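Source file: input_10.cif; contents: mmCIF, C-alpha atoms.
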data_work
#
loop_
_atom_site.label_atom_id
_atom_site.label_comp_id
_atom_site.auth_asym_id
_atom_site.auth_seq_id
_atom_site.Cartn_x
_atom_site.Cartn_y
_atom_site.Cartn_z
CA MET A 6 28.00 -28.56 -132.00
CA SER A 7 24.91 -26.91 -130.54
CA SER A 8 23.54 -27.48 -127.06
CA VAL A 9 20.12 -28.17 -125.59
CA ALA A 10 19.23 -27.77 -121.91
CA VAL A 11 16.51 -29.97 -120.42
CA ILE A 12 15.25 -28.03 -117.41
CA ASP A 13 15.44 -30.01 -114.18
CA TYR A 14 13.02 -28.73 -111.56
CA GLY A 15 12.02 -32.14 -110.22
CA MET A 16 8.85 -32.45 -112.32
CA GLY A 17 9.77 -34.23 -115.55
CA ASN A 18 10.57 -37.52 -117.20
CA LEU A 19 14.01 -36.06 -117.73
CA HIS A 20 16.19 -39.02 -118.63
CA SER A 21 13.67 -40.37 -121.16
CA ILE A 22 13.52 -36.96 -122.82
CA ALA A 23 17.29 -36.50 -122.82
CA LYS A 24 17.82 -39.99 -124.22
CA ALA A 25 15.27 -39.37 -126.99
CA LEU A 26 16.90 -36.04 -127.89
CA GLN A 27 20.31 -37.68 -128.05
CA HIS A 28 18.90 -40.45 -130.24
CA ALA A 29 17.26 -37.89 -132.53
CA ASN A 30 20.64 -36.22 -133.08
CA PRO A 31 23.68 -38.05 -131.62
CA SER A 32 25.93 -35.04 -132.28
CA GLU A 33 23.83 -32.79 -130.04
CA ASN A 34 25.11 -31.76 -126.61
CA VAL A 35 22.13 -32.62 -124.39
CA GLU A 36 22.29 -31.62 -120.73
CA ILE A 37 19.80 -32.07 -117.89
CA THR A 38 20.36 -29.06 -115.65
CA SER A 39 18.94 -26.86 -112.93
CA ASP A 40 21.72 -24.29 -113.37
CA THR A 41 20.12 -21.06 -114.59
CA ASN A 42 23.32 -19.90 -116.28
CA ARG A 43 23.61 -23.11 -118.28
CA ILE A 44 19.95 -22.92 -119.27
CA LEU A 45 20.38 -19.35 -120.49
CA ALA A 46 23.60 -20.26 -122.32
CA ALA A 47 22.08 -23.21 -124.22
CA ASP A 48 21.10 -22.87 -127.87
CA ARG A 49 17.74 -24.54 -127.24
CA VAL A 50 15.71 -25.37 -124.14
CA VAL A 51 13.26 -28.18 -123.34
CA PHE A 52 10.69 -27.55 -120.59
CA PRO A 53 9.13 -30.90 -119.56
CA GLY A 54 6.69 -31.64 -116.79
CA VAL A 55 4.51 -34.31 -115.21
CA GLY A 56 2.19 -34.25 -112.21
CA ALA A 57 -0.03 -31.48 -110.84
CA ILE A 58 0.24 -27.91 -112.09
CA ARG A 59 0.34 -26.39 -108.58
CA ASP A 60 3.38 -28.51 -107.72
CA CYS A 61 4.93 -27.59 -111.06
CA MET A 62 4.51 -23.86 -110.54
CA GLN A 63 5.75 -24.09 -106.94
CA ALA A 64 8.86 -25.94 -108.10
CA ILE A 65 9.49 -23.37 -110.82
CA GLU A 66 9.32 -20.63 -108.19
CA ASN A 67 11.50 -22.54 -105.73
CA PHE A 68 14.22 -23.06 -108.34
CA GLY A 69 14.02 -19.41 -109.44
CA PHE A 70 13.00 -20.38 -112.97
CA THR A 71 10.07 -18.00 -113.54
CA ASP A 72 12.19 -15.21 -115.02
CA VAL A 73 14.55 -17.72 -116.66
CA LEU A 74 11.68 -19.31 -118.59
CA LYS A 75 10.39 -15.91 -119.65
CA GLN A 76 13.87 -14.96 -120.89
CA VAL A 77 14.18 -18.21 -122.81
CA ALA A 78 10.69 -17.77 -124.26
CA ALA A 79 11.70 -14.34 -125.51
CA ASN A 80 14.85 -15.23 -127.40
CA LYS A 81 15.59 -18.90 -128.15
CA PRO A 82 13.85 -22.09 -129.33
CA LEU A 83 11.77 -23.50 -126.48
CA LEU A 84 9.95 -26.84 -126.48
CA GLY A 85 7.33 -27.41 -123.78
CA ILE A 86 6.08 -30.93 -123.09
CA CYS A 87 2.86 -31.94 -121.26
CA ILE A 88 2.69 -29.94 -117.99
CA GLY A 89 5.51 -27.85 -119.44
CA MET A 90 3.08 -26.81 -122.16
CA GLU A 91 0.22 -26.13 -119.73
CA ALA A 92 2.48 -23.98 -117.53
CA LEU A 93 3.11 -21.63 -120.46
CA LEU A 94 -0.53 -20.48 -120.44
CA THR A 95 -2.11 -17.87 -118.18
CA GLU A 96 -3.92 -20.09 -115.69
CA SER A 97 -5.18 -23.61 -115.03
CA GLU A 98 -8.40 -24.92 -113.50
CA GLU A 99 -6.40 -27.61 -111.70
CA ASN A 100 -6.03 -27.51 -107.90
CA GLY A 101 -8.91 -25.06 -107.61
CA GLY A 102 -7.22 -22.58 -109.94
CA THR A 103 -3.51 -22.03 -110.43
CA GLU A 104 -1.72 -19.06 -111.95
CA CYS A 105 0.72 -20.08 -114.65
CA LEU A 106 3.49 -18.25 -116.51
CA GLY A 107 1.25 -16.24 -118.85
CA ILE A 108 3.61 -16.53 -121.82
CA ILE A 109 0.81 -17.71 -124.13
CA PRO A 110 -2.61 -16.20 -123.32
CA GLY A 111 -5.17 -18.87 -122.48
CA LYS A 112 -6.51 -21.28 -119.91
CA VAL A 113 -5.99 -24.95 -119.07
CA VAL A 114 -9.26 -26.80 -118.47
CA HIS A 115 -10.35 -30.28 -117.37
CA PHE A 116 -12.03 -32.74 -119.70
CA ALA A 117 -15.80 -32.80 -119.22
CA ASP A 118 -17.40 -35.39 -116.97
CA LYS A 119 -18.99 -38.55 -118.43
CA LEU A 120 -17.28 -38.39 -121.81
CA THR A 121 -18.53 -40.90 -124.39
CA ASP A 122 -17.44 -41.77 -127.90
CA SER A 123 -19.63 -41.92 -131.00
CA GLN A 124 -20.83 -45.42 -130.01
CA GLY A 125 -21.80 -44.25 -126.54
CA ASP A 126 -18.91 -46.00 -124.81
CA ILE A 127 -17.43 -44.21 -121.80
CA LEU A 128 -14.09 -42.48 -122.32
CA LYS A 129 -11.79 -42.54 -119.32
CA VAL A 130 -10.01 -39.53 -117.89
CA PRO A 131 -7.06 -39.19 -117.90
CA HIS A 132 -6.85 -39.44 -121.66
CA MET A 133 -4.11 -42.04 -121.93
CA GLY A 134 -2.64 -43.74 -124.98
CA TRP A 135 -2.20 -43.12 -128.70
CA ASN A 136 -4.27 -40.58 -130.60
CA GLN A 137 -4.19 -38.84 -133.95
CA VAL A 138 -2.74 -35.34 -134.19
CA ASN A 139 -4.19 -32.99 -136.79
CA GLN A 140 -1.70 -30.31 -137.79
CA THR A 141 -3.54 -26.98 -138.08
CA GLU A 142 -0.59 -24.87 -139.21
CA SER A 143 2.53 -25.31 -141.25
CA HIS A 144 5.52 -25.36 -138.92
CA PRO A 145 9.15 -26.55 -139.14
CA LEU A 146 8.53 -29.02 -136.30
CA TRP A 147 5.97 -30.85 -138.46
CA ASP A 148 8.46 -31.43 -141.30
CA GLY A 149 8.40 -35.09 -142.33
CA ILE A 150 5.55 -35.95 -139.95
CA PRO A 151 2.36 -37.18 -141.65
CA GLN A 152 -0.94 -35.46 -141.06
CA ASP A 153 -2.95 -37.36 -138.43
CA GLY A 154 0.17 -39.11 -137.15
CA ARG A 155 -0.36 -40.87 -133.83
CA PHE A 156 1.33 -39.57 -130.67
CA TYR A 157 1.22 -40.74 -127.05
CA PHE A 158 -0.86 -38.82 -124.47
CA VAL A 159 -1.30 -38.91 -120.69
CA HIS A 160 -3.37 -35.99 -119.35
CA SER A 161 -6.61 -34.91 -117.67
CA TYR A 162 -6.37 -31.23 -118.60
CA TYR A 163 -5.83 -29.48 -121.93
CA ALA A 164 -4.97 -26.03 -123.20
CA LYS A 165 -7.47 -23.51 -124.56
CA PRO A 166 -5.39 -20.65 -126.01
CA ASP A 167 -7.25 -17.34 -126.31
CA SER A 168 -6.29 -17.11 -129.98
CA SER A 169 -6.60 -19.86 -132.59
CA GLN A 170 -3.38 -18.46 -134.06
CA HIS A 171 -1.53 -20.15 -131.21
CA VAL A 172 -2.98 -23.61 -131.97
CA ALA A 173 -0.49 -25.73 -133.93
CA ALA A 174 -2.44 -29.00 -133.78
CA THR A 175 -5.60 -30.58 -132.42
CA SER A 176 -6.71 -34.01 -131.34
CA ASN A 177 -10.13 -35.44 -130.48
CA TYR A 178 -11.34 -36.88 -127.16
CA PRO A 179 -14.16 -37.00 -128.20
CA THR A 180 -14.33 -33.37 -129.31
CA SER A 181 -11.46 -31.33 -130.67
CA PHE A 182 -8.88 -29.87 -128.27
CA ALA A 183 -5.54 -28.12 -128.76
CA CYS A 184 -2.71 -30.62 -128.38
CA ALA A 185 0.14 -28.40 -129.62
CA VAL A 186 0.63 -24.65 -129.39
CA SER A 187 3.14 -22.30 -130.96
CA HIS A 188 4.15 -18.68 -130.74
CA GLU A 189 7.24 -17.30 -132.49
CA ASN A 190 10.18 -19.30 -131.04
CA ILE A 191 7.96 -21.42 -128.75
CA PHE A 192 6.48 -24.80 -129.59
CA ALA A 193 4.76 -26.98 -127.01
CA THR A 194 2.90 -30.28 -127.02
CA GLN A 195 0.37 -31.94 -124.74
CA PHE A 196 1.55 -35.33 -126.01
CA HIS A 197 4.92 -36.86 -125.18
CA PRO A 198 7.30 -36.90 -128.17
CA GLU A 199 9.79 -39.01 -126.21
CA LYS A 200 7.14 -41.77 -125.90
CA SER A 201 5.83 -41.47 -129.46
CA GLN A 202 8.30 -43.65 -131.32
CA ALA A 203 9.26 -42.61 -134.88
CA VAL A 204 7.02 -39.53 -135.19
CA GLY A 205 8.09 -38.29 -131.77
CA LEU A 206 11.76 -38.70 -132.58
CA LYS A 207 11.21 -36.85 -135.85
CA LEU A 208 9.60 -33.94 -134.00
CA LEU A 209 12.57 -33.82 -131.61
CA GLU A 210 14.98 -33.98 -134.54
CA ASN A 211 13.14 -31.06 -136.13
CA PHE A 212 13.34 -29.10 -132.88
CA LEU A 213 17.09 -29.66 -132.66
CA ALA A 214 17.46 -28.17 -136.15
CA TRP A 215 15.02 -25.30 -135.58
CA ASP A 216 16.27 -21.72 -135.37
CA GLY A 217 13.06 -20.48 -133.72
CA CYS A 218 11.54 -19.05 -136.87
CA SER A 219 8.32 -20.40 -138.38
#

Let me see the file written as structure tokens.
Amino acid sequence: MSSVAVIDYGMGNLHSIAKALQHANPSENVEITSDTNRILAADRVVFPGVGAIRDCMQAIENFGFTDVLKQVAANKPLLGICIGMEALLTESEENGGTECLGIIPGKVVHFADKLTDSQGDILKVPHMGWNQVNQTESHPLWDGIPQDGRFYFVHSYYAKPDSSQHVAATSNYPTSFACAVSHENIFATQFHPEKSQAVGLKLLENFLAWDGCS
């Protein structure tokens, strides 16, 4: 039986994520933990996050997780979710500019003001609700998930990786933005798999079977 650590640093929807992971594979040993040794000992790690990026980065520092996350990112399957994905990039525009972990080169930016759809209707920010996800690369985490499947989003900022090679999927609001990124043993999503019903559970199931190789 393999193990997955859901990192607890006070900034995630932890129990929903843990419950969804357990549902995706009932034989998996899923643990919510802030113990650095248990995180480093796990076979796979989930890095969730909600709220403001400055608070997220401060909590990561307070818990001593900066080096832990970089170690995990270097050698085992890592799934980032929402703010957990944004924190993997170099910096964010949020809170007047916030330095992030710099694991994936790129910037997190705010949606433009006065967004409108093709009919001229105003689009609200945060982008909240279901939206199509266009897979831009073949990846084990997409196995069994249809192209343009609908996932659940709640966010005002989005990732702009420096290289398109790190973009695993895009969505539109109203223009295209990266909603999933990947790099070697790292996969991260702006959307919430744990809130995305069947397709989200399938992505989590795929993660729990993933060895970190594309």

Just give me the gap between CA of Ser143 (chain A) and CA of Asp48 (chain A) in Å, one decimal is fine.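 Between CA of Ser143 (chain A) and CA of Asp48 (chain A) the gap is 23.0 Å.
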
Enumerate, as a count of residues only, the residues matched when the PyMOL selection byres ((chain A and resi 153-167) around 8) is run on the file above. 42

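Counting from CA of Tyr178 (chain A), the distance to CA of Ile88 (chain A) is 18.1 Å.
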
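In this comparison, which uses all atoms listed in the file, the residue of A:Gly56, A:Gly125, A:Gly85, A:Pro31 approaching Ile108 (chain A) most closely is A:Gly85.
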
Quote the spacing between CA of Gly149 (chain A) and CA of Ala214 (chain A) in Å to one decimal place. 13.0 Å
